Each structure stands twice: as C-alpha cells, then as structure tokens.
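> Structure file my_file.json, JSON, C-alpha atoms, is pasted below:
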```json
[["chain", "number", "residue", "atom", "x", "y", "z"],
["D", 37, "MET", "CA", 15.33, 31.26, 71.43],
["D", 38, "LYS", "CA", 12.66, 28.95, 72.80],
["D", 39, "LYS", "CA", 12.95, 30.51, 76.28],
["D", 40, "TRP", "CA", 12.34, 33.95, 74.81],
["D", 41, "SER", "CA", 9.19, 32.99, 73.00],
["D", 42, "ILE", "CA", 7.77, 31.33, 76.13],
["D", 43, "LEU", "CA", 8.48, 34.49, 78.11],
["D", 44, "ILE", "CA", 6.78, 36.70, 75.50],
["D", 45, "VAL", "CA", 3.70, 34.46, 75.36],
["D", 46, "LEU", "CA", 3.53, 34.49, 79.17],
["D", 47, "CYS", "CA", 3.72, 38.31, 79.25],
["D", 48, "VAL", "CA", 0.95, 38.64, 76.68],
["D", 49, "VAL", "CA", -1.29, 36.24, 78.63],
["D", 50, "VAL", "CA", -0.70, 38.16, 81.90],
["D", 51, "VAL", "CA", -1.50, 41.49, 80.20],
["D", 52, "ILE", "CA", -4.70, 40.08, 78.66],
["D", 53, "ILE", "CA", -5.86, 38.58, 81.98],
["D", 54, "GLY", "CA", -5.02, 41.82, 83.80],
["D", 55, "TYR", "CA", -6.88, 43.92, 81.26],
["D", 56, "ARG", "CA", -9.92, 41.63, 81.36],
["D", 57, "TYR", "CA", -9.93, 41.88, 85.16],
["D", 58, "ILE", "CA", -9.69, 45.67, 85.33],
["D", 59, "TYR", "CA", -12.17, 46.30, 82.53],
["D", 60, "GLN", "CA", -14.58, 43.47, 83.27],
["D", 61, "ASP", "CA", -18.21, 43.85, 82.24],
["D", 62, "HIS", "CA", -21.01, 44.94, 84.51],
["D", 63, "ARG", "CA", -23.48, 42.35, 85.76],
["D", 64, "ASP", "CA", -26.20, 41.79, 83.20],
["D", 65, "ILE", "CA", -29.33, 41.64, 85.33],
["D", 66, "ALA", "CA", -31.54, 41.02, 82.28],
["D", 67, "THR", "CA", -29.91, 37.64, 81.57],
["D", 68, "GLU", "CA", -29.43, 36.54, 85.19],
["D", 69, "THR", "CA", -31.95, 34.11, 86.64],
["D", 70, "SER", "CA", -34.10, 35.49, 89.44],
["D", 71, "ILE", "CA", -33.31, 34.10, 92.87],
["D", 72, "TYR", "CA", -36.69, 35.07, 94.34],
["D", 73, "LYS", "CA", -40.05, 35.36, 92.57],
["D", 74, "LEU", "CA", -42.85, 37.00, 94.51],
["D", 75, "THR", "CA", -45.70, 39.51, 94.45],
["D", 76, "ALA", "CA", -45.34, 43.16, 95.41],
["D", 77, "SER", "CA", -47.50, 42.75, 98.51],
["D", 78, "ASP", "CA", -45.53, 39.70, 99.67],
["D", 79, "ILE", "CA", -42.21, 41.50, 99.63],
["D", 80, "SER", "CA", -43.75, 44.61, 101.16],
["D", 81, "ASN", "CA", -45.17, 42.54, 104.04],
["D", 82, "GLU", "CA", -41.77, 41.01, 104.69],
["D", 83, "PHE", "CA", -40.31, 44.49, 105.10],
["D", 84, "ALA", "CA", -43.16, 45.63, 107.32],
["D", 85, "ILE", "CA", -42.40, 42.76, 109.70],
["D", 86, "ASN", "CA", -38.62, 42.81, 109.70],
["D", 87, "PRO", "CA", -36.86, 45.43, 107.57],
["D", 88, "MET", "CA", -33.31, 44.60, 108.66],
["D", 89, "SER", "CA", -33.19, 40.87, 107.97],
["D", 90, "SER", "CA", -35.25, 41.23, 104.79],
["D", 91, "GLU", "CA", -32.81, 43.80, 103.48],
["D", 92, "ASN", "CA", -29.89, 41.44, 104.08],
["D", 93, "LYS", "CA", -31.79, 38.65, 102.39],
["D", 94, "TYR", "CA", -32.47, 40.54, 99.16],
["D", 95, "LEU", "CA", -29.65, 43.10, 98.89],
["D", 96, "ASN", "CA", -27.96, 43.05, 95.47],
["D", 97, "LYS", "CA", -29.97, 39.97, 94.38],
["D", 98, "THR", "CA", -31.87, 39.65, 91.13],
["D", 99, "ILE", "CA", -35.57, 39.21, 91.89],
["D", 100, "GLU", "CA", -38.87, 39.05, 90.03],
["D", 101, "VAL", "CA", -41.87, 41.00, 91.30],
["D", 102, "SER", "CA", -45.44, 40.81, 90.00],
["D", 103, "GLY", "CA", -48.52, 42.94, 90.60],
["D", 104, "SER", "CA", -50.45, 45.74, 89.00],
["D", 105, "ILE", "CA", -49.02, 49.07, 87.86],
["D", 106, "SER", "CA", -49.86, 51.98, 90.16],
["D", 107, "ASP", "CA", -47.59, 54.61, 88.63],
["D", 108, "LYS", "CA", -45.79, 54.83, 85.31],
["D", 109, "ASN", "CA", -43.10, 57.25, 84.10],
["D", 110, "PRO", "CA", -40.75, 57.13, 81.10],
["D", 111, "GLN", "CA", -38.00, 55.43, 83.11],
["D", 112, "ASN", "CA", -39.75, 53.82, 86.05],
["D", 113, "ILE", "CA", -42.78, 51.82, 87.07],
["D", 114, "THR", "CA", -44.27, 51.42, 90.55],
["D", 115, "ILE", "CA", -46.08, 48.17, 91.32],
["D", 116, "ASP", "CA", -49.02, 48.36, 93.76],
["D", 117, "GLY", "CA", -47.47, 51.51, 95.29],
["D", 118, "LYS", "CA", -44.98, 49.22, 97.02],
["D", 119, "VAL", "CA", -42.19, 48.33, 94.63],
["D", 120, "PHE", "CA", -40.36, 50.99, 92.65],
["D", 121, "CYS", "CA", -38.67, 49.71, 89.49],
["D", 122, "GLN", "CA", -36.00, 51.83, 87.83],
["D", 123, "PHE", "CA", -35.14, 51.13, 84.18],
["D", 124, "SER", "CA", -31.78, 51.94, 82.64],
["D", 125, "ASN", "CA", -33.37, 53.25, 79.46],
["D", 126, "LYS", "CA", -36.76, 54.58, 78.42],
["D", 127, "ILE", "CA", -39.44, 51.90, 78.60],
["D", 128, "GLN", "CA", -40.26, 50.84, 75.04],
["D", 129, "THR", "CA", -42.72, 48.04, 75.69],
["D", 130, "ASP", "CA", -46.38, 48.76, 75.07],
["D", 131, "LEU", "CA", -48.25, 47.87, 78.22],
["D", 132, "LYS", "CA", -51.68, 46.56, 77.39],
["D", 133, "THR", "CA", -52.78, 45.44, 80.82],
["D", 134, "ASP", "CA", -52.16, 46.65, 84.36],
["D", 135, "GLN", "CA", -50.79, 43.28, 85.42],
["D", 136, "ILE", "CA", -47.04, 43.13, 85.14],
["D", 137, "LYS", "CA", -44.01, 41.06, 86.07],
["D", 138, "ILE", "CA", -40.67, 42.83, 86.38],
["D", 139, "LYS", "CA", -37.16, 41.52, 86.94],
["D", 140, "GLY", "CA", -34.54, 43.74, 88.53],
["D", 141, "ARG", "CA", -31.75, 44.09, 91.05],
["D", 142, "PHE", "CA", -32.81, 44.81, 94.62],
["D", 143, "ILE", "CA", -30.92, 47.92, 95.80],
["D", 144, "GLY", "CA", -32.65, 48.59, 99.12],
["D", 145, "TYR", "CA", -35.68, 49.59, 101.11],
["D", 146, "ASP", "CA", -36.77, 53.20, 101.12],
["D", 147, "ASP", "CA", -38.18, 53.90, 104.58],
["D", 148, "LEU", "CA", -39.27, 57.43, 103.70],
["D", 149, "LEU", "CA", -41.94, 56.12, 101.32],
["D", 150, "GLU", "CA", -41.94, 52.53, 102.55],
["D", 151, "GLN", "CA", -41.09, 51.16, 99.16],
["D", 152, "VAL", "CA", -38.78, 48.50, 97.85],
["D", 153, "LYS", "CA", -36.42, 49.73, 95.12],
["D", 154, "LEU", "CA", -35.11, 47.79, 92.14],
["D", 155, "ASP", "CA", -32.80, 49.01, 89.40],
["D", 156, "GLN", "CA", -31.71, 47.76, 85.94],
["D", 157, "CYS", "CA", -35.23, 46.42, 85.47],
["D", 158, "THR", "CA", -36.68, 44.53, 82.53],
["D", 159, "ILE", "CA", -40.31, 43.67, 81.85],
["D", 160, "ILE", "CA", -40.86, 39.90, 81.82],
["D", 161, "ASP", "CA", -44.57, 39.77, 81.26],
["C", 76, "MET", "CA", -73.65, 65.07, 115.47],
["C", 77, "LYS", "CA", -73.55, 67.23, 112.35],
["C", 78, "LYS", "CA", -71.13, 69.59, 114.04],
["C", 79, "LEU", "CA", -68.81, 66.72, 114.87],
["C", 80, "ILE", "CA", -68.77, 65.57, 111.25],
["C", 81, "TYR", "CA", -67.95, 69.09, 110.11],
["C", 82, "ILE", "CA", -65.06, 69.26, 112.57],
["C", 83, "ILE", "CA", -63.71, 65.89, 111.47],
["C", 84, "VAL", "CA", -63.96, 66.89, 107.80],
["C", 85, "LEU", "CA", -62.20, 70.19, 108.53],
["C", 86, "ILE", "CA", -59.37, 68.51, 110.40],
["C", 87, "SER", "CA", -58.87, 65.91, 107.70],
["C", 88, "ILE", "CA", -58.76, 68.60, 105.00],
["C", 89, "ASN", "CA", -56.07, 70.40, 106.97],
["C", 90, "THR", "CA", -53.90, 67.38, 107.59],
["C", 91, "PHE", "CA", -54.19, 66.02, 104.06],
["C", 92, "SER", "CA", -53.68, 69.30, 102.25],
["C", 93, "GLN", "CA", -51.11, 69.12, 99.50],
["C", 94, "THR", "CA", -47.99, 70.43, 101.15],
["C", 95, "LYS", "CA", -45.71, 67.52, 100.36],
["C", 96, "PHE", "CA", -43.70, 67.36, 97.18],
["C", 97, "ILE", "CA", -42.04, 64.06, 96.35],
["C", 98, "THR", "CA", -39.69, 62.45, 93.88],
["C", 99, "LYS", "CA", -38.64, 58.82, 93.60],
["C", 100, "SER", "CA", -36.17, 59.33, 90.78],
["C", 101, "GLY", "CA", -33.91, 62.12, 92.00],
["C", 102, "ILE", "CA", -30.40, 62.32, 90.59],
["C", 103, "VAL", "CA", -27.37, 62.25, 92.88],
["C", 104, "ASN", "CA", -23.87, 62.14, 91.39],
["C", 105, "PHE", "CA", -20.50, 62.19, 93.00],
["C", 106, "GLU", "CA", -17.01, 62.59, 91.65],
["C", 107, "ALA", "CA", -13.61, 62.08, 93.25],
["C", 108, "SER", "CA", -11.47, 62.19, 90.14],
["C", 109, "VAL", "CA", -7.87, 63.26, 89.97],
["C", 110, "PRO", "CA", -6.80, 64.92, 86.69],
["C", 111, "SER", "CA", -5.08, 62.63, 84.16],
["C", 112, "PHE", "CA", -6.20, 59.45, 85.97],
["C", 113, "GLU", "CA", -9.25, 57.33, 85.26],
["C", 114, "GLU", "CA", -12.46, 59.10, 86.22],
["C", 115, "VAL", "CA", -13.86, 58.15, 89.65],
["C", 116, "ALA", "CA", -17.52, 59.07, 89.33],
["C", 117, "ALA", "CA", -20.89, 57.51, 89.93],
["C", 118, "LYS", "CA", -24.50, 58.31, 89.20],
["C", 119, "ASN", "CA", -27.67, 57.43, 91.07],
["C", 120, "ASN", "CA", -31.04, 57.98, 89.38],
["C", 121, "SER", "CA", -33.31, 56.60, 92.05],
["C", 122, "ALA", "CA", -32.98, 58.92, 95.02],
["C", 123, "THR", "CA", -36.08, 59.67, 97.05],
["C", 124, "ALA", "CA", -36.73, 63.21, 98.27],
["C", 125, "ILE", "CA", -39.60, 64.83, 100.15],
["C", 126, "LEU", "CA", -40.14, 68.55, 100.61],
["C", 127, "ASP", "CA", -42.73, 69.94, 102.97],
["C", 128, "THR", "CA", -43.67, 73.26, 101.38],
["C", 129, "GLU", "CA", -45.30, 74.50, 104.57],
["C", 130, "ASN", "CA", -42.11, 74.73, 106.62],
["C", 131, "GLY", "CA", -39.30, 74.02, 104.15],
["C", 132, "GLU", "CA", -38.35, 70.71, 105.74],
["C", 133, "PHE", "CA", -36.46, 68.50, 103.33],
["C", 134, "ALA", "CA", -35.52, 64.83, 103.52],
["C", 135, "ALA", "CA", -33.68, 62.66, 101.02],
["C", 136, "LEU", "CA", -32.66, 59.02, 100.87],
["C", 137, "VAL", "CA", -30.17, 57.40, 98.52],
["C", 138, "LEU", "CA", -29.62, 53.68, 98.25],
["C", 139, "VAL", "CA", -25.86, 53.21, 98.03],
["C", 140, "LYS", "CA", -26.11, 50.12, 95.79],
["C", 141, "GLY", "CA", -27.84, 52.33, 93.24],
["C", 142, "PHE", "CA", -24.64, 54.24, 92.43],
["C", 143, "ARG", "CA", -23.49, 53.17, 88.98],
["C", 144, "PHE", "CA", -19.91, 53.53, 87.78],
["C", 145, "LYS", "CA", -18.65, 53.20, 84.22],
["C", 146, "ASN", "CA", -16.10, 50.65, 85.39],
["C", 147, "ALA", "CA", -17.61, 47.51, 86.92],
["C", 148, "LEU", "CA", -14.57, 46.73, 89.04],
["C", 149, "MET", "CA", -14.59, 50.26, 90.45],
["C", 150, "GLU", "CA", -18.26, 49.81, 91.35],
["C", 151, "GLU", "CA", -17.43, 46.56, 93.13],
["C", 152, "HIS", "CA", -14.59, 48.14, 95.08],
["C", 153, "PHE", "CA", -16.74, 51.14, 95.99],
["C", 154, "ASN", "CA", -19.43, 48.86, 97.41],
["C", 155, "GLU", "CA", -17.12, 46.42, 99.16],
["C", 156, "ASN", "CA", -14.18, 48.47, 100.42],
["C", 157, "TYR", "CA", -15.22, 52.11, 100.61],
["C", 158, "ALA", "CA", -18.96, 52.57, 101.17],
["C", 159, "GLU", "CA", -19.47, 49.04, 102.60],
["C", 160, "SER", "CA", -22.97, 49.03, 101.19],
["C", 161, "ASP", "CA", -23.86, 45.63, 102.66],
["C", 162, "LYS", "CA", -23.42, 47.10, 106.13],
["C", 163, "TYR", "CA", -24.65, 50.61, 105.33],
["C", 164, "PRO", "CA", -27.12, 50.37, 102.43],
["C", 165, "LYS", "CA", -28.54, 53.88, 102.85],
["C", 166, "ALA", "CA", -27.39, 57.46, 102.76],
["C", 167, "THR", "CA", -29.85, 59.93, 104.22],
["C", 168, "PHE", "CA", -30.23, 63.67, 104.55],
["C", 169, "LYS", "CA", -32.61, 65.49, 106.83],
["C", 170, "GLY", "CA", -32.77, 69.25, 107.02],
["C", 171, "LYS", "CA", -34.46, 72.51, 106.30],
["C", 172, "ILE", "CA", -34.42, 75.15, 103.59],
["C", 173, "ASP", "CA", -34.00, 78.58, 105.21],
["C", 174, "GLY", "CA", -36.80, 81.04, 104.57],
["C", 175, "PHE", "CA", -38.63, 78.73, 102.20],
["C", 176, "LEU", "CA", -41.92, 80.10, 100.92],
["C", 177, "ILE", "CA", -43.71, 78.38, 98.09],
["C", 178, "ASN", "CA", -45.20, 81.68, 96.90],
["C", 179, "LYS", "CA", -41.73, 83.09, 96.31],
["C", 180, "LEU", "CA", -40.90, 80.42, 93.73],
["C", 181, "THR", "CA", -41.05, 81.22, 90.03],
["C", 182, "ASP", "CA", -39.98, 79.43, 86.89],
["C", 183, "LYS", "CA", -36.68, 81.32, 87.15],
["C", 184, "PRO", "CA", -34.29, 79.58, 89.58],
["C", 185, "SER", "CA", -33.68, 81.45, 92.82],
["C", 186, "VAL", "CA", -31.06, 80.71, 95.46],
["C", 187, "PHE", "CA", -31.93, 79.28, 98.88],
["C", 188, "TYR", "CA", -29.77, 77.78, 101.62],
["C", 189, "LEU", "CA", -30.16, 74.24, 102.85],
["C", 190, "SER", "CA", -28.85, 73.03, 106.21],
["C", 191, "GLY", "CA", -29.14, 69.68, 107.88],
["C", 192, "SER", "CA", -27.43, 66.42, 108.67],
["C", 193, "LEU", "CA", -26.05, 63.95, 106.16],
["C", 194, "THR", "CA", -25.58, 60.30, 107.16],
["C", 195, "PHE", "CA", -23.39, 58.03, 105.06],
["C", 196, "HIS", "CA", -21.27, 55.00, 105.91],
["C", 197, "GLY", "CA", -22.67, 55.08, 109.46],
["C", 198, "LYS", "CA", -21.35, 58.59, 110.14],
["C", 199, "THR", "CA", -23.41, 61.74, 110.43],
["C", 200, "LYS", "CA", -22.14, 65.16, 109.48],
["C", 201, "THR", "CA", -23.84, 68.53, 109.60],
["C", 202, "LEU", "CA", -24.03, 70.42, 106.35],
["C", 203, "GLU", "CA", -24.52, 74.15, 106.71],
["C", 204, "LYS", "CA", -25.88, 76.61, 104.21],
["C", 205, "VAL", "CA", -25.54, 74.59, 101.04],
["C", 206, "ALA", "CA", -26.64, 76.89, 98.21],
["C", 207, "VAL", "CA", -29.47, 75.36, 96.18],
["C", 208, "THR", "CA", -31.37, 76.84, 93.28],
["C", 209, "ILE", "CA", -35.08, 76.23, 93.32],
["C", 210, "SER", "CA", -37.60, 76.85, 90.58],
["C", 211, "LYS", "CA", -41.27, 75.99, 90.18],
["C", 212, "LYS", "CA", -43.05, 75.21, 86.95],
["C", 213, "GLU", "CA", -46.74, 74.34, 87.13],
["C", 214, "ASP", "CA", -46.91, 71.70, 89.87],
["C", 215, "GLN", "CA", -43.24, 70.71, 89.81],
["C", 216, "ILE", "CA", -40.48, 72.05, 92.04],
["C", 217, "ASN", "CA", -36.89, 71.62, 90.86],
["C", 218, "ILE", "CA", -34.06, 71.70, 93.41],
["C", 219, "VAL", "CA", -30.49, 71.72, 92.12],
["C", 220, "GLY", "CA", -27.26, 72.05, 94.08],
["C", 221, "ASN", "CA", -23.84, 70.73, 94.94],
["C", 222, "PHE", "CA", -21.42, 70.50, 97.83],
["C", 223, "THR", "CA", -17.97, 69.14, 98.55],
["C", 224, "GLU", "CA", -17.21, 66.80, 101.42],
["C", 225, "LYS", "CA", -14.13, 64.96, 102.57],
["C", 226, "ALA", "CA", -14.15, 61.16, 102.39],
["C", 227, "SER", "CA", -12.32, 61.10, 105.73],
["C", 228, "SER", "CA", -15.22, 62.86, 107.51],
["C", 229, "PHE", "CA", -17.33, 59.77, 106.78],
["C", 230, "ASP", "CA", -14.61, 57.44, 107.99],
["C", 231, "ILE", "CA", -13.77, 56.27, 104.48],
["C", 232, "LYS", "CA", -10.12, 55.42, 104.21],
["C", 233, "ILE", "CA", -8.43, 55.64, 100.84],
["C", 234, "PRO", "CA", -5.51, 53.18, 100.76],
["C", 235, "LYS", "CA", -2.08, 54.73, 100.12],
["C", 236, "ILE", "CA", -1.57, 52.73, 96.94],
["C", 237, "VAL", "CA", -4.51, 54.43, 95.18],
["C", 238, "SER", "CA", -4.49, 57.73, 97.07],
["C", 239, "SER", "CA", -2.92, 59.52, 94.10],
["C", 240, "LYS", "CA", -5.82, 58.41, 91.88],
["C", 241, "ILE", "CA", -8.77, 59.16, 94.17],
["C", 242, "ALA", "CA", -9.40, 62.65, 95.54],
["C", 243, "ASN", "CA", -10.25, 63.02, 99.22],
["C", 244, "ASP", "CA", -12.51, 65.95, 98.35],
["C", 245, "ILE", "CA", -15.67, 64.49, 96.91],
["C", 246, "GLU", "CA", -17.92, 66.66, 94.84],
["C", 247, "VAL", "CA", -21.59, 65.78, 95.15],
["C", 248, "THR", "CA", -24.21, 67.19, 92.79],
["C", 249, "PHE", "CA", -27.94, 66.62, 93.05],
["C", 250, "GLU", "CA", -31.12, 67.38, 91.18],
["C", 251, "PHE", "CA", -34.62, 66.67, 92.45],
["C", 252, "LEU", "CA", -37.71, 67.26, 90.34],
["C", 253, "LEU", "CA", -40.47, 67.08, 92.91],
["C", 254, "LYS", "CA", -44.16, 66.59, 92.21],
["C", 255, "SER", "CA", -47.03, 67.41, 94.51],
["C", 256, "LYS", "CA", -48.47, 64.39, 96.26]]
```
As structure tokens - that is how I would like this structure written.


Amino acid sequence: MKKWSILIVLCVVVVIIGYRYIYQDHRDIATETSIYKLTASDISNEFAINPMSSENKYLNKTIEVSGSISDKNPQNITIDGKVFCQFSNKIQTDLKTDQIKIKGRFIGYDDLLEQVKLDQCTIID
Amino acid sequence: MKKLIYIIVLISINTFSQTKFITKSGIVNFEASVPSFEEVAAKNNSATAILDTENGEFAALVLVKGFRFKNALMEEHFNENYAESDKYPKATFKGKIDGFLINKLTDKPSVFYLSGSLTFHGKTKTLEKVAVTISKKEDQINIVGNFTEKASSFDIKIPKIVSSKIANDIEVTFEFLLKSK
C-alpha cells in the first residue's frame, strides 16, 4: 500500500515537472535587469568600428539605451536614428520630452540601415 | 563659378531624389506545422526592407532572434538547434521585381514577380518568380506574398524523433508596408 502511494506521488511530480518544462514561460525582458546601459551613439559607434564582435557581445542580452527620439510610430521608436526599438504592444505612455531611456532585448544589427534593433521594449524614463 | 554650383545642385537633386521606399517593421511569418500536432509557427515584426522604385531592386533583412513563438521552449530550440541564431543572426534577401514601374501601381493590388537570392543559416538559395501583390496608397507601397521552401535546402536538419511533428516544407509569408524616404 505504501509503495503504491509513493509511486503515484512520484508519477505526479514527474508529470508536473515535465509540463512546466515544456510549457515554460517566455523571458520577461521588462523585469530583467539590464546588463549594459549606454547611449544610442555609443552603441552605434561600437558597431561602426567592429560589427562582428559587438554583435556577439550584445546578442540576446537585455540592454538600456538612452537618447532623443528621432522617429515614433504606434509600435516602435527610433532613438537618434541609430537604435530601433520594437514594442510588443501599442505604446501607451505619453511622451512629454524628446529625451528617452528604453530597455529591450538586443536582436541584432541591421546593416541595410545601419541600425541596432531591440525588441520587447519598455520605456524606463 | 555659378555654373559649377548649378551643376552640383543638379547632381545632388538627382542622387537624392525620393526613389527609395523603406520599412523597419515589416512582418515575416513562417509555419512548419503538421496537422493534429502542436503548431510550429513564428512571427517577426521587425524586418527591414528597401525598395528602389527606379529599377525595382528589393532588399530585405530579418534578424533571426526576432522570431517569436507561442511556446518559449520551441523558440529556444529554434534558436539553438535549428537556425543557430548565435552563429547566423541574420536572414537576408536581395533581388528584383520584374517589370516594376511605380506609375503602374494603384490602390488595388496587382501581381508582380520577385526573383533573387535568400540567405539563411549560412546558405544561399535562389528564389525565382515569387508572386507578390503590390498596391500603393498615397505615399505607401504595400508588398504582400508567400513562398514555400524546404528546411533541408538551408542545411537545417530535423531530428528523426520530431520529424513527424515538424514539416520539412516551410511556408513563409511576408508583408512590407514601405514609406518613401
């Protein structure tokens, strides 16, 4: 009797762990702490000098970029014409000034437009 | 001296005329689902595309990390085992739209054919005559289309154990709303 109950409990635990593994949550970039904090022109300069090693350095990392807004659309903001920030949803925040600080996940460097691209962005300041 | 200035002004007007249409938030989706198994599909909302309306040349760039799946584990496996996005972070397309003339465009979509080379996972493949529908509304050009490619042509191996759940034929759909720049 005791053996049976142990076996059942073990099975349930394995199923729960398996389920949690297969259906784990996405990364939540908004609550992650930024690994790098820098200005749009700083990161752009790094890519102008060495695009390959800079890409490896930032790829898939959560970073914070500051600067002034050069282009604004319902779901994206471009900082200083150099950093493109994609938002998952429509931007709700009222932007009073041009100066902005955005946190997002670095997804790569766009060499057609020479811009850095971030996704899952949130406005910090 | 005056003549020289006129010439310089003329040249600069020519070279900077508005023939380039650009988007930074193009949509590229792909799907490799097998019926009755969990959907294998991803969406990318941050593709870059440039169209030169003078000669119909078209270029697009997709950052592979930008593909989002519903299932986080599937996204991780896609990046690590299939697309190897740390090694190959970009997918690019470079080509030409046959017989493209900006004056022919209307707000009703018309069919054009796009040919060029697609690079993904370090492999380049030529795409020929992909049907795209193009329409123009005010100063925006909308290009919509789809094509099917085999995962094996880009050297992506699907392990036997999951081969019944992932299709080798991958359907790619795209939509670019380009603005004049």

> Tell me which of C:Glu213, C:Glu246, C:Glu155, C:Asp173 sits closest to chain D, counting only C-alpha atoms.

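Closest to chain D, using only C-alpha atoms: C:Glu155.
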
> Find the distance between CA of Ala84 (chain D) and CA of Leu149 (chain D) and write it in Å to one decimal.

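Computed distance, CA of Ala84 (chain D) to CA of Leu149 (chain D), equals 12.1 Å.
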
> Quick one: residues within 10 Å of Asn243 (chain C), only C-alpha atoms counted, chain neighbours fewer than 4 positions away excluded, as a list in words?

Ala107, Ser108, Val109, Thr223, Glu224, Lys225, Ala226, Ser227, Ser228, Ile231, Lys232, Ile233, Ser238 and Ser239 of chain C

> Using only C-alpha atoms and a cut-off of 10 Å, which residues of chain D sit close to chain C? Please list them as a ChimeraX atom specification.

/D:57-63,91-92,95-96,109,111-112,114,120-124,141-149,151,153-156

> Hey, can you pull every residue with an atom no more than 9 Å from (-51.5, 40.8, 96.2), using only C-alpha atoms, and send it as a PyMOL selection string?

chain D and resi 75-78+102-104+116

> Using the partial input, fill out region 139-163 of chain C with N, CA and C atoms; write the result as a compact mmCIF listing (two decimals), in the frame of the given file.


```
# COMPACT_ATOMS: atom_id res chain seq x y z
N VAL C 139 -27.26 53.18 98.45
CA VAL C 139 -25.86 53.21 98.03
C VAL C 139 -25.59 52.24 96.88
N LYS C 140 -26.29 51.10 96.87
CA LYS C 140 -26.11 50.12 95.79
C LYS C 140 -26.54 50.68 94.44
N GLY C 141 -27.33 51.74 94.48
CA GLY C 141 -27.84 52.33 93.24
C GLY C 141 -26.83 53.21 92.52
N PHE C 142 -25.66 53.44 93.12
CA PHE C 142 -24.64 54.24 92.43
C PHE C 142 -24.00 53.40 91.34
N ARG C 143 -24.06 53.92 90.11
CA ARG C 143 -23.49 53.17 88.98
C ARG C 143 -22.22 53.85 88.48
N PHE C 144 -21.18 53.06 88.34
CA PHE C 144 -19.91 53.53 87.78
C PHE C 144 -19.78 53.03 86.36
N LYS C 145 -18.93 53.70 85.57
CA LYS C 145 -18.65 53.20 84.22
C LYS C 145 -17.89 51.89 84.31
N ASN C 146 -16.95 51.81 85.24
CA ASN C 146 -16.10 50.65 85.39
C ASN C 146 -16.69 49.70 86.44
N ALA C 147 -16.95 48.47 86.03
CA ALA C 147 -17.61 47.51 86.92
C ALA C 147 -16.77 47.17 88.14
N LEU C 148 -15.46 47.08 87.93
CA LEU C 148 -14.57 46.73 89.04
C LEU C 148 -14.53 47.87 90.07
N MET C 149 -14.57 49.10 89.57
CA MET C 149 -14.59 50.26 90.45
C MET C 149 -15.87 50.26 91.29
N GLU C 150 -16.98 49.89 90.65
CA GLU C 150 -18.26 49.81 91.35
C GLU C 150 -18.20 48.77 92.47
N GLU C 151 -17.58 47.64 92.14
CA GLU C 151 -17.43 46.56 93.13
C GLU C 151 -16.57 47.02 94.31
N HIS C 152 -15.46 47.66 94.01
CA HIS C 152 -14.59 48.14 95.08
C HIS C 152 -15.27 49.21 95.92
N PHE C 153 -16.00 50.10 95.26
CA PHE C 153 -16.74 51.14 95.99
C PHE C 153 -17.70 50.50 96.99
N ASN C 154 -18.45 49.51 96.54
CA ASN C 154 -19.43 48.86 97.41
C ASN C 154 -18.80 48.04 98.53
N GLU C 155 -17.70 47.33 98.17
CA GLU C 155 -17.12 46.42 99.16
C GLU C 155 -16.15 47.10 100.12
N ASN C 156 -15.27 47.96 99.58
CA ASN C 156 -14.18 48.47 100.42
C ASN C 156 -14.39 49.88 100.95
N TYR C 157 -15.12 50.70 100.20
CA TYR C 157 -15.22 52.11 100.61
C TYR C 157 -16.55 52.40 101.30
N ALA C 158 -17.65 52.23 100.58
CA ALA C 158 -18.96 52.57 101.17
C ALA C 158 -19.51 51.43 102.03
N GLU C 159 -18.98 50.23 101.88
CA GLU C 159 -19.47 49.04 102.60
C GLU C 159 -20.99 48.96 102.58
N SER C 160 -21.52 48.91 101.37
CA SER C 160 -22.97 49.03 101.19
C SER C 160 -23.78 47.85 101.73
N ASP C 161 -23.11 46.72 102.02
CA ASP C 161 -23.86 45.63 102.66
C ASP C 161 -24.18 45.99 104.11
N LYS C 162 -23.24 46.70 104.73
CA LYS C 162 -23.42 47.10 106.13
C LYS C 162 -24.23 48.40 106.22
N TYR C 163 -23.98 49.31 105.32
CA TYR C 163 -24.65 50.61 105.33
C TYR C 163 -25.33 50.86 103.99
```
